[in-house]
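Notes for the one structure printed next.
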Amino acid sequence: MALLEIEHVDVFYGAVQALRSVSLRVEQGEVVSLVGSNGAGKTTTLNAICGLVRPRAGDVRFDGQSIARVPTHELVRRGLVMAPEGRGIFPNLTVAENLDLGAYSRRDHGAVKTDLDRVLALFPRLNERMRQKGGTLSGGEQQMLAIGRALMSRPKLLLLDEPSLGLAPLLVKVIFDTIDAINREGVTVLLVEQNANAALKHSKRAYVLESGSIALEGDASQLRDDPAVKAAYLGE
Amino acid sequence: MLRTLGILALICAAAFGLHLVLDSIDAYWARIANLCGISILLAVSLNVINGLCGQFSLGHAGFMAIGAYVSAFFTTTLRYFDDAAGQYVTVLPLLDQSWGFVPALLLGGFAAAAAGLVIGIPTLRLRGDYLAIATLGFGEIVTIMITNFSKVGGANGLSGIPAYSNGFWIFTFAGICVLFTLHLQRSTFGRALIAIRENELAAEVMGIRTARIKIAAFVYGAFFAGIAGGLLGHFLQTISPATFGFMKSIEVIVMLVLGGLGSLTGAIIGAVTLTVLPELLRDVETSTGMPGIRMVVYSLVLILLMLFRPQGIFGQRELSLRLLRSLLPGRRKEGAPSAPAAFTAQQSVEAKTFFARAPQTLPPQNEGKK
């Protein structure tokens with residue numbers, strides 16, 4: 001049984017159809033990436049998964065249960081967590097406070113401290129900046145904070161929305177290496193990326209989204225060699 | 001629990017002491033001091049909605065009006081002149097004692113809170129300007145409804161309200177409001193409010209039930225606004241719909257912006273400043289011989305403050321011993337990292353210990369992740 005399954009999901013914004021019968025699945029322990037150009041529906045797919053928009057048709061199942069009607073806060077409790085696009089951090093709160101809010105829905109305070117240590121070990125840069133306000137961090141550090149904060153809720157499935165957006169190439173590498181490390185710790189990752197090259201390199205399987213529907217899917221290594229993908233997304 | 005009761009007793013004692021002081025000083029200044037107490041209630045309660053939660057509400061006067069009219073209804077309208085006793089007697093015997101207006105006051109607060117709930121559910125889906133307009137509409141609806149409700153005097157207002165408010169009650173309730181709000185700021189609920197203000201989408205995906213928390217903040221603010229309205233009614237002894245117009249809401253917002261939106265101590269300082277300042281400026285009028293100049297100076301003070309300190313007197317910081325110490329010369333340079341807003345010293349200590357304790361290598365990886 002897959003950890004996450006989306007079946008024939010349609011999403012509308014008013015009269016505009018954003019997703020057309022999108023189906024995808026993420027198995028336990030995988031890194032799966034969802035690539036596509038601007039406006040293809042990548043973020044909408046994530047929003048539909050974590051309950052920020054409701055699909056008009058189709059079903060979303062997490063851990064074997066339908067979550068198409070489950071509110072976002074309940075999904076966080078069940079272990080489905082998103083790090084939103086544009087490094088949605090809390091700019092006027094310190095790094096420590098940001099991370100603390102990541103554990104908002106948890107009541108096991110002892111384990112939270114262990115997880116904080118783990119997150120700080122993963123992102124030593126955050127450790128140096130614990131008392132600094134989130135908004136004063138660099139772009140890369142803010143992205144680290146967004147991911148670290150999401151990890152504080154101890155997710156089974158982590159949804160990452162454009163983690164490399166607007167980062168310098170060196171930092172992009174750091175972020176993707178971190179995603180590998182998170183995955184090795186047992187967290188399943190669904191990654192949404194415009195940077196198809198890096199995303200395909202770091203994931204096991206991938207889906208290509210085009211104008212709201214899945215155009216291609218398969219092993220990431222195969223997609224990287226696919227001529228159509230090369231032409232459209234890898235710039236080769 | 002015992003500690004809370006102790007603090008409550010302390011607040012009552014302090015308010016009583018203040019009451020005695022106000023009784024002995026010039027009646028004019030005592031009156032201003034009492035109005036300051038009511039302003040503190042208003043500013044601190046609105047700060048929870050506008051400052052902490054970031055929901056721009058222009059309807060605070062509406063909640064005040066509901067609190068004022070409901071409590072006055074119980075103490076004033078629901079009484080009759082008893083010929084035998086030679087005095088007014090209320091329908092509810094409990095309200096006959098001078099402390100008996102507390103139940104009426106609380107009923108006013110609850111009515112305002114209920115209105116906050118009813119209004120909050122549909123309007124808090126709106127953001128920014130849209131919410132401001134919707135709450136503005138709410139305030140107008142309340143005053144228009146009161147104007148057309150002859151049982152409470154309609155446009156003429158309601159007069160002959162017994163003068164039950166005094167320094168003791170005003171400062172007891174102001175103290176309770178400040179205490180509750182301080183506690184709230186430091187709670188999980190307070191952190192959720194701030195998270196919503198900072199980034200609502202991020203708050204939502206962190207598992208914060210944003211809709212519910214926003215409504216709770218609205219209800220909380222409305223309750224204390226209702227109490228403030230009730231206290232004001234029993235202080236002025238006359239209320240009319242005009243007392244609770246749009247300008248009253250603006251006045252409270254100006255207090256917050258002046259003190260620093262999001263700062264509890266800022267709200268208190270802003271409330272006191274904006275209540276006392278217009279009175280102090282009366283002297284300017286007499287000395288210059290220009291009647292009306294006071295409001296010009298008052299506006300000028302506000303404009304200058306916004307030009308030179310747009311974040312308000314306190315910004316989002318709180319007045320604390322730590323802040324005062326950091327301002328002392330030689331201790332810390334201007335521009336050094338400021339004390340974190342609205343978070344306790346204890347939490348920063350925790351942050352520091354994490355700092356010291358963080359392991360250099362990854363801890364065991366299997367624990368609890370599945």
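Letters A, B, ... go to the chains of the structure tokens in the order shown; residues in each chain start at 1; ligands are counted from 1 in the same order.
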
Residues at most 7 Å from Arg197 (chain B), counting only C-alpha atoms, excluding those fewer than 3 positions away in the same chain, as a ChimeraX atom specification?
/B:52-54,193-194,200

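Contact shell of Gly140 (chain A) at 9 Å (only C-alpha atoms; same-chain neighbours under 4 positions omitted): Met144, Leu145, Ser164, Gly166, Leu167, Ala168, Leu171, Val172, Val174 and Ile175 of chain A.
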
Take the residues from that selection and put them in a file with C-alpha atoms, as a short mmCIF file (atom, residue, chain, number, x, y, z; two decimals), in the first residue's frame.
```cif
data_model
loop_
_atom_site.label_atom_id
_atom_site.label_comp_id
_atom_site.auth_asym_id
_atom_site.auth_seq_id
_atom_site.Cartn_x
_atom_site.Cartn_y
_atom_site.Cartn_z
CA MET A 144 16.57 25.51 5.83
CA LEU A 145 14.36 26.99 8.53
CA SER A 164 15.48 25.52 -4.47
CA GLY A 166 15.79 31.63 -5.91
CA LEU A 167 18.83 30.03 -4.32
CA ALA A 168 22.43 30.17 -5.50
CA LEU A 171 22.91 26.38 -1.82
CA VAL A 172 20.68 24.40 -4.15
CA VAL A 174 23.12 21.92 0.04
CA ILE A 175 19.32 21.82 0.12
#
```

Residues of region 10-151 of chain A classed as strand (DSSP E or B) by DSSP on the backbone are to be reported as a PyMOL selection string.
chain A and resi 10-13+16-26+31-35+57-62+65-66+80-83+94+133

Polymer residues at most 12 Å from Gln17 (chain A), only C-alpha atoms, same-chain spacing of 5 or more positions, as a ChimeraX atom specification
/A:9-12,22,39-41,44,55-57,211-213

Please produce a file of those selected residues containing all heavy atoms, as a short mmCIF file (atom, residue, chain, number, x, y, z; two decimals), in the first residue's frame.
```cif
data_model
loop_
_atom_site.label_atom_id
_atom_site.label_comp_id
_atom_site.auth_asym_id
_atom_site.auth_seq_id
_atom_site.Cartn_x
_atom_site.Cartn_y
_atom_site.Cartn_z
N VAL A 9 -7.77 13.35 -9.54
CA VAL A 9 -8.18 14.57 -8.84
C VAL A 9 -8.39 15.72 -9.83
O VAL A 9 -7.53 15.98 -10.67
CB VAL A 9 -7.13 14.94 -7.77
CG1 VAL A 9 -7.29 16.39 -7.34
CG2 VAL A 9 -7.27 14.02 -6.57
N ASP A 10 -9.55 16.36 -9.71
CA ASP A 10 -9.84 17.59 -10.45
C ASP A 10 -9.91 18.73 -9.44
O ASP A 10 -10.59 18.61 -8.43
CB ASP A 10 -11.22 17.50 -11.14
CG ASP A 10 -11.19 16.58 -12.33
OD1 ASP A 10 -10.09 16.25 -12.81
OD2 ASP A 10 -12.28 16.16 -12.77
N VAL A 11 -9.23 19.83 -9.76
CA VAL A 11 -9.33 21.01 -8.90
C VAL A 11 -9.70 22.20 -9.77
O VAL A 11 -9.16 22.37 -10.87
CB VAL A 11 -8.01 21.30 -8.15
CG1 VAL A 11 -8.07 22.65 -7.45
CG2 VAL A 11 -7.73 20.21 -7.12
N PHE A 12 -10.64 22.99 -9.28
CA PHE A 12 -11.05 24.19 -10.01
C PHE A 12 -10.79 25.41 -9.15
O PHE A 12 -11.00 25.38 -7.93
CB PHE A 12 -12.56 24.15 -10.32
CG PHE A 12 -12.91 23.16 -11.39
CD1 PHE A 12 -13.00 21.81 -11.10
CD2 PHE A 12 -13.18 23.59 -12.67
CE1 PHE A 12 -13.33 20.89 -12.09
CE2 PHE A 12 -13.51 22.69 -13.67
CZ PHE A 12 -13.58 21.34 -13.37
N VAL A 22 -5.59 14.21 -12.11
CA VAL A 22 -4.21 13.93 -11.72
C VAL A 22 -4.18 12.71 -10.79
O VAL A 22 -4.95 12.64 -9.84
CB VAL A 22 -3.59 15.15 -11.01
CG1 VAL A 22 -2.28 14.78 -10.32
CG2 VAL A 22 -3.36 16.27 -12.00
N GLY A 39 2.85 27.34 -13.55
CA GLY A 39 1.42 27.25 -13.84
C GLY A 39 0.95 25.89 -14.28
O GLY A 39 -0.19 25.73 -14.72
N ALA A 40 1.82 24.88 -14.14
CA ALA A 40 1.41 23.54 -14.56
C ALA A 40 0.47 22.89 -13.54
O ALA A 40 -0.23 21.94 -13.85
CB ALA A 40 2.63 22.66 -14.78
N GLY A 41 0.46 23.43 -12.30
CA GLY A 41 -0.42 22.87 -11.28
C GLY A 41 0.33 22.15 -10.16
O GLY A 41 -0.28 21.40 -9.40
N THR A 44 -0.72 23.56 -6.75
CA THR A 44 -2.12 23.18 -6.56
C THR A 44 -2.22 21.72 -6.13
O THR A 44 -3.03 21.37 -5.26
CB THR A 44 -2.91 23.41 -7.86
OG1 THR A 44 -2.76 24.78 -8.23
CG2 THR A 44 -4.37 23.10 -7.67
N PRO A 55 -10.44 19.07 -3.78
CA PRO A 55 -10.70 18.57 -5.14
C PRO A 55 -12.20 18.46 -5.40
O PRO A 55 -12.96 18.13 -4.50
CB PRO A 55 -10.03 17.20 -5.15
CG PRO A 55 -9.67 16.87 -3.76
CD PRO A 55 -9.75 18.09 -2.93
N ARG A 56 -12.60 18.79 -6.63
CA ARG A 56 -14.01 18.66 -6.97
C ARG A 56 -14.33 17.20 -7.26
O ARG A 56 -15.44 16.74 -7.04
CB ARG A 56 -14.35 19.54 -8.17
CG ARG A 56 -15.85 19.66 -8.39
CD ARG A 56 -16.18 20.62 -9.50
NE ARG A 56 -15.90 22.01 -9.15
CZ ARG A 56 -16.15 23.03 -9.96
NH1 ARG A 56 -16.65 22.81 -11.17
NH2 ARG A 56 -15.88 24.25 -9.59
N ALA A 57 -13.35 16.49 -7.79
CA ALA A 57 -13.56 15.07 -8.06
C ALA A 57 -12.28 14.33 -7.72
O ALA A 57 -11.21 14.93 -7.62
CB ALA A 57 -13.92 14.86 -9.53
N SER A 211 0.12 21.59 -17.91
CA SER A 211 -1.22 22.18 -18.01
C SER A 211 -2.24 21.42 -17.18
O SER A 211 -3.34 21.12 -17.64
CB SER A 211 -1.71 22.22 -19.46
OG SER A 211 -0.71 22.65 -20.29
N GLY A 212 -1.88 21.07 -15.98
CA GLY A 212 -2.85 20.48 -15.06
C GLY A 212 -3.03 18.99 -15.18
O GLY A 212 -3.86 18.42 -14.48
N SER A 213 -2.31 18.32 -16.06
CA SER A 213 -2.41 16.87 -16.05
C SER A 213 -1.03 16.23 -16.12
O SER A 213 -0.06 16.86 -16.55
CB SER A 213 -3.32 16.36 -17.18
OG SER A 213 -3.14 17.12 -18.33
#
```

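Nearest to chain B of all the residues A:Arg25, A:Lys113, A:His73, A:Arg184 is A:His73, counting only C-alpha atoms.
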
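Closest approach to chain A among B:Leu236, B:Leu20, B:Leu319, B:Ile208 is made by B:Ile208 (distances from only C-alpha atoms).
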
Show me, as a list in words, every residue of chain A with an atom at most 7 Å from chain B, counting only C-alpha atoms.
Thr72, His73, Glu74, Val76, Val81, Met82, Pro84, Gly88, Ile89, Phe90, Pro91, Asn92, Ala96, Gly102, Tyr104, Ser105, Asp117, Arg118, Leu120, Ala121, Asn127, Met130, Arg154, Lys156, Glu185 and Gly186 of chain A

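Note that CA of Leu99 (chain A) and CA of Gln28 (chain A) are 25.3 Å apart.
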